[in-house]
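Participant: First the structure, then my questions, so here it is.
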Amino acid sequence: MLHVSDIIELPLLKNSKIKSGKEVLGNRLIEWVSVIESPVENFVRENEFVLSTGIGCYEDIDILLEFVKDVYNSGASALAIATGRYIFEIPEEIIQFAEERNFILIEIPWEIRFADIIHEVMRELNVIQQQDSKRSNGIHQKLIQMILDGKNLGQISNYVEEELDLPILILDKKGNQVAGSAKQSKVFSIRNQLIKMQKNQEASNHPLHSKIRKISDEESNLYHLPIQTNGVHEGEICVLSNIKYQLNQQEIHIIEHAMMACALWFSRNSVVTKAEMRLQNDFLLRMIRGENLSEEYKMTQAEQFQYNLNIPYECIIGYPENLASLMEKEHKRHPKNNNWLEKMIIYIKEELLFAAEAVKHQMLFAYEGDLIIIFLEVTKESNTDSVNHFLDLVERRLKHLFPSLTFSWGIGKHKDGNGDFSQSFKKAKAALDMGRTQIGIGKRVNFDEMRMNRLLLNLAINEEVQEIIAAPILPLVEYDEKRDMDLINTFKAYNRNSGNVSQTARELNLHRQSLLYRLRKIESLTGLSLVNPDDLFLLDFSIRVWSTGVIKREQINTNLSNINGL
């Protein structure tokens with residue numbers, strides 16, 4: 001960079017006199033040169049070499065002192081005053097003011113033309129700018145080549161730190177450290193001032209600093225630059241320096257090149273991650289569907305995705321109950337955000353992996369439609385509590401990400417859970433469906449703990465059983481759909497209370513006569529008597545099988561048609 005000492009050594013200024021600030025000549029940077037007379041206002045920029053004749057001061061020391069103060073407060077590198085016409089000698093009061101503040105004050109002969117000084121300064125600046133541009137382009141090309149060569153962010157940050165000779169920290173979109181050697185606690189301490197309190201924030205008016213925000217504490221400066229790809233926030237670059245240190249133009253360019261390289265890395269990594277996730281998803285779904293895959297193919301895919309298929313797994317299926325309404329709200333807030341669901345799936349997978357690591361179990365993940373499919377490792381020590389512990393962690397972290405999202409869970413394992421992904425999935429899906437139908441949403445249901453429902457499930461898939469339950473169930477379903485009287489749940493409450501009308505009425509919050517009307521309607525529609533033990537058992541059995549959710553309305557219609565045909 002160009003310093004005041006470089007300009008003073010020019011032959012053109014050999015007769016100039018340094019009046020103050022001699023010890024800092026080699027420390028003061030020059031980025032511009034200008035001619036200014038009083039008033040200064042905001043026409044002088046930081047690191048500017050200022051030339052003046054003092055024409056507006058009229059030999060008034062007070063006015064001249066105010067002029068020098070304004071130039072100093074503007075952050076100028078130095079002030080050079082031409083003496084011999086309007087000011088014949090710089091007063092001692094002015095020199096003392098400048099000396100106390102290490103502000104460089106230069107006296108130049110009137111005969112030296114400002115145009116010649118400006119020409120020399122600009123020539124030196126252009127030489128340096130060409131050198132900087134060459135180095136900057138070299139750094140830019142090096143960073144691009146590192147991206148093409150598949151280097152990681154750690155290698156990229158090491159290279160940037162070497163070029164800057166300053167420590168940096170690269171954060172991802174969640175604010176987590178991913179690379180860099182800057183002290184994390186220090187960076188986060190200063191950064192949190194901006195995020196939480198918005199104090200000690202300095203938005204520089206330096207034209208080269210337009211994208212960079214500087215935040216300071218008593219000891220350090222933090223230069224902060226966001227990383228974005230296509231307008232989407234991907235992360236941050238934080239550069240830490242001593243409180244007295246100021247970034248120069250070259251360093252600004254290096255940080256901007258680093259930001260672009262990180263944006264490319266995040267973008268490429270996102271594409272690779274999504275592609276790999278789709279391949280993993282397709283592979284696991286093929287095993288879930290029970291496709292006839294060769295052992296060689298399964299082992300090859302498992303090795304590629306780092307899956308261990310030789311250990312037992314328990315299947316867990318999650319169903320987000322209010323996903324549709326959340327997507328509708330998100331679409332209203334951000335109509336152009338078409339990949340919100342895809343991002344949400346990625347976030348969910350990250351939280352699942354975190355929970356699996358916390359419980360020290362391996363995990364396989366897939367999704368199909370609205371279903372989140374998990375295969376969690378089963379160990380000799382693991383039991384239902386370990387699955388619940390895993391889901392507790394998952395729900396707690398998902399609640400933080402999506403506060404209004406509610407999950408229902410089904411859990412199933414086929415035999416010892418080793419190898420048969422298809423059967424484990426079917427059991428978990430059956431547990432999910434039965435739980436949502438019989439217990440309600442937002443619950444966890446384990447297939448192995450539902451012995452009665454397992455029996456009912458096996459009966460429900462039997463065609464003869466379907467024909468038997470069709471006659472009493474269909475009239476009740478149709479009547480409930482038309483009149484919204486909920487006869488099926490009325491019967492459940494009546495049977496649960498062992499036929500006690502008063503107790504049932506209280507439970508359902510119904511008038512006794514209203515309950516009796518419903519019970520008579522059930523008898524008339526089904527042709528069964530609620531006082532006949534056999535009829536009562538048949539109706540209870542039919543409703544229990546229907547409540548598994550396995551039999552669909554269309555099957556009942558078909559079976560009832562078959563009965564009528566016979």
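We name chains A, B, ... following the order of the structure tokens; residues begin at 1 in each chain, and ligands are numbered from 1 as shown.
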Need the shell around Leu405 in chain A: protein/DNA/RNA residues with any atom at most 8 Å away, counting only C-alpha atoms. Skip same-chain ones fewer than 6 positions apart. Format as a compact mmCIF listing (two decimals) with all heavy atoms, in the first residue's frame?

Facilitator:
# COMPACT_ATOMS: atom_id res chain seq x y z
N PRO A 320 -46.37 -36.12 9.76
CA PRO A 320 -46.65 -34.75 10.18
C PRO A 320 -48.12 -34.42 9.95
O PRO A 320 -48.56 -34.30 8.80
CB PRO A 320 -45.72 -33.91 9.30
CG PRO A 320 -45.47 -34.75 8.09
CD PRO A 320 -45.59 -36.18 8.52
N GLU A 321 -48.87 -34.26 11.02
CA GLU A 321 -50.33 -34.16 10.91
C GLU A 321 -50.80 -32.88 10.21
O GLU A 321 -51.74 -32.89 9.42
CB GLU A 321 -50.95 -34.21 12.32
CG GLU A 321 -50.75 -35.54 13.02
CD GLU A 321 -51.57 -36.67 12.40
OE1 GLU A 321 -52.44 -36.38 11.55
OE2 GLU A 321 -51.34 -37.83 12.75
N ASN A 322 -50.15 -31.75 10.49
CA ASN A 322 -50.62 -30.47 9.96
C ASN A 322 -49.67 -29.90 8.92
O ASN A 322 -49.52 -28.68 8.79
CB ASN A 322 -50.82 -29.47 11.10
CG ASN A 322 -49.62 -29.40 12.02
OD1 ASN A 322 -48.79 -30.30 12.03
ND2 ASN A 322 -49.51 -28.34 12.79
N LEU A 323 -49.03 -30.79 8.15
CA LEU A 323 -48.07 -30.34 7.16
C LEU A 323 -48.73 -29.50 6.06
O LEU A 323 -48.19 -28.49 5.63
CB LEU A 323 -47.36 -31.54 6.54
CG LEU A 323 -46.29 -31.23 5.49
CD1 LEU A 323 -45.16 -30.42 6.10
CD2 LEU A 323 -45.73 -32.52 4.89
N LEU A 326 -49.34 -25.94 7.14
CA LEU A 326 -48.08 -25.21 7.26
C LEU A 326 -47.54 -24.80 5.89
O LEU A 326 -47.06 -23.69 5.70
CB LEU A 326 -47.04 -26.06 7.98
CG LEU A 326 -47.20 -26.23 9.49
CD1 LEU A 326 -46.12 -27.14 10.04
CD2 LEU A 326 -47.14 -24.88 10.18
N LEU A 398 -37.23 -30.74 16.75
CA LEU A 398 -38.15 -30.33 15.69
C LEU A 398 -39.11 -29.25 16.18
O LEU A 398 -39.55 -28.39 15.41
CB LEU A 398 -38.94 -31.55 15.19
CG LEU A 398 -38.17 -32.58 14.37
CD1 LEU A 398 -39.08 -33.71 13.94
CD2 LEU A 398 -37.52 -31.94 13.15
N LYS A 399 -39.46 -29.30 17.47
CA LYS A 399 -40.34 -28.28 18.04
C LYS A 399 -39.69 -26.91 17.97
O LYS A 399 -40.36 -25.89 17.80
CB LYS A 399 -40.65 -28.64 19.50
CG LYS A 399 -41.93 -28.00 20.02
CD LYS A 399 -43.15 -28.63 19.39
CE LYS A 399 -44.44 -28.10 19.95
NZ LYS A 399 -45.62 -28.65 19.29

Participant: Residues at most 8 Å from Asp172 in chain A, counting only C-alpha atoms, excluding those fewer than 3 positions away in the same chain, as a list in words?

Facilitator: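 Surrounding residues, per the criterion: Gly175, Asn176, Gln177, Val178, Glu234, Gly235 and Glu236 of chain A.
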
Participant: Provide the CA of His233 in chain A to CA of Lys173 in chain A distance in Å, to one decimal place.

Facilitator: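 Rounded to one decimal, the two atoms are 6.4 Å apart.
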
Participant: I need the residues of range 55-118 of chain A that end up classed as strand (DSSP E or B) by DSSP on the backbone, written out as number ranges by chain.

Facilitator: A: 78-83, 104-109

Participant: Show me, as a ChimeraX atom specification, the residues that have an atom within 12 Å of range 273-278 of chain A when counting only C-alpha atoms, minus same-chain residues fewer than 6 positions from it.

Facilitator: /A:265-267,284-285,301,304-306,339,342-343,345-347,349-350,364-368

Participant: Pick the closest to Lys426 in chain A from A:Met260, A:Ile316, A:Ala356, A:Ile348: which is it, counting only C-alpha atoms?

Facilitator: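 With only C-alpha atoms as the atom set, the closest residue is A:Ile316.
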
Participant: For Phe49 in chain A, which residue among A:Ile468, A:Ile61, A:Ile95, A:Ile117 is the nearest when counting only C-alpha atoms?

Facilitator: A:Ile117

Participant: What's the 10 Å shell around Leu2 in chain A, counting only C-alpha atoms, without same-chain residues fewer than 4 positions away, as a list of chain:residue names?

Facilitator: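 Selected residues are A:Asp6, A:Ile7, A:Gly26, A:Asn27, A:Arg28, A:Leu29, A:Ile30, A:Glu31, A:Trp32, A:Val121, A:Glu124, A:Leu125, A:Val127, A:Ile128, A:Gln129.
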
Participant: For Arg444 in chain A, work out the shell of residues within 10 Å, counting only C-alpha atoms and skipping chain neighbours fewer than 6 positions away, then give it as a PyMOL selection string.

Facilitator: chain A and resi 316-318+388+391+407-411+431-432+435-436

Participant: Quote the spacing between CA of Arg396 in chain A and CA of Val359 in chain A in Å to one decimal place.

Facilitator: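 Here the two named atoms are 14.3 Å from each other.
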
Participant: Taking 5 positions as the minimum chain separation for residues in the same chain, which residues sit within 10 Å of Gln141 in chain A when counting only C-alpha atoms? Answer as a list in words.

Facilitator: Arg135, Ser136, Met146, Ile147, His257 and Ala261 of chain A

Participant: Need the shell around Lys360 in chain A: protein/DNA/RNA residues with any atom at most 10 Å away, counting only C-alpha atoms. Skip same-chain ones fewer than 5 positions apart. Format as an NGL selection string?

Facilitator: :A and (354-355 or 377 or 390)

Participant: Output N, CA and C atoms of each residue in that selection to a file, as an mmCIF file, in the first residue's frame.

Facilitator:
data_model
loop_
_atom_site.group_PDB
_atom_site.id
_atom_site.type_symbol
_atom_site.label_atom_id
_atom_site.label_comp_id
_atom_site.auth_asym_id
_atom_site.auth_seq_id
_atom_site.Cartn_x
_atom_site.Cartn_y
_atom_site.Cartn_z
ATOM 1 N N PHE A 354 -28.638 -36.101 14.327
ATOM 2 C CA PHE A 354 -28.125 -35.606 15.606
ATOM 3 C C PHE A 354 -28.645 -36.475 16.753
ATOM 4 N N ALA A 355 -29.947 -36.783 16.728
ATOM 5 C CA ALA A 355 -30.547 -37.589 17.796
ATOM 6 C C ALA A 355 -29.962 -39.002 17.797
ATOM 7 N N GLU A 377 -31.031 -48.493 14.745
ATOM 8 C CA GLU A 377 -30.296 -49.695 15.151
ATOM 9 C C GLU A 377 -30.864 -50.286 16.446
ATOM 10 N N PHE A 390 -34.876 -41.600 21.813
ATOM 11 C CA PHE A 390 -34.547 -41.065 20.487
ATOM 12 C C PHE A 390 -35.646 -40.113 20.000
#
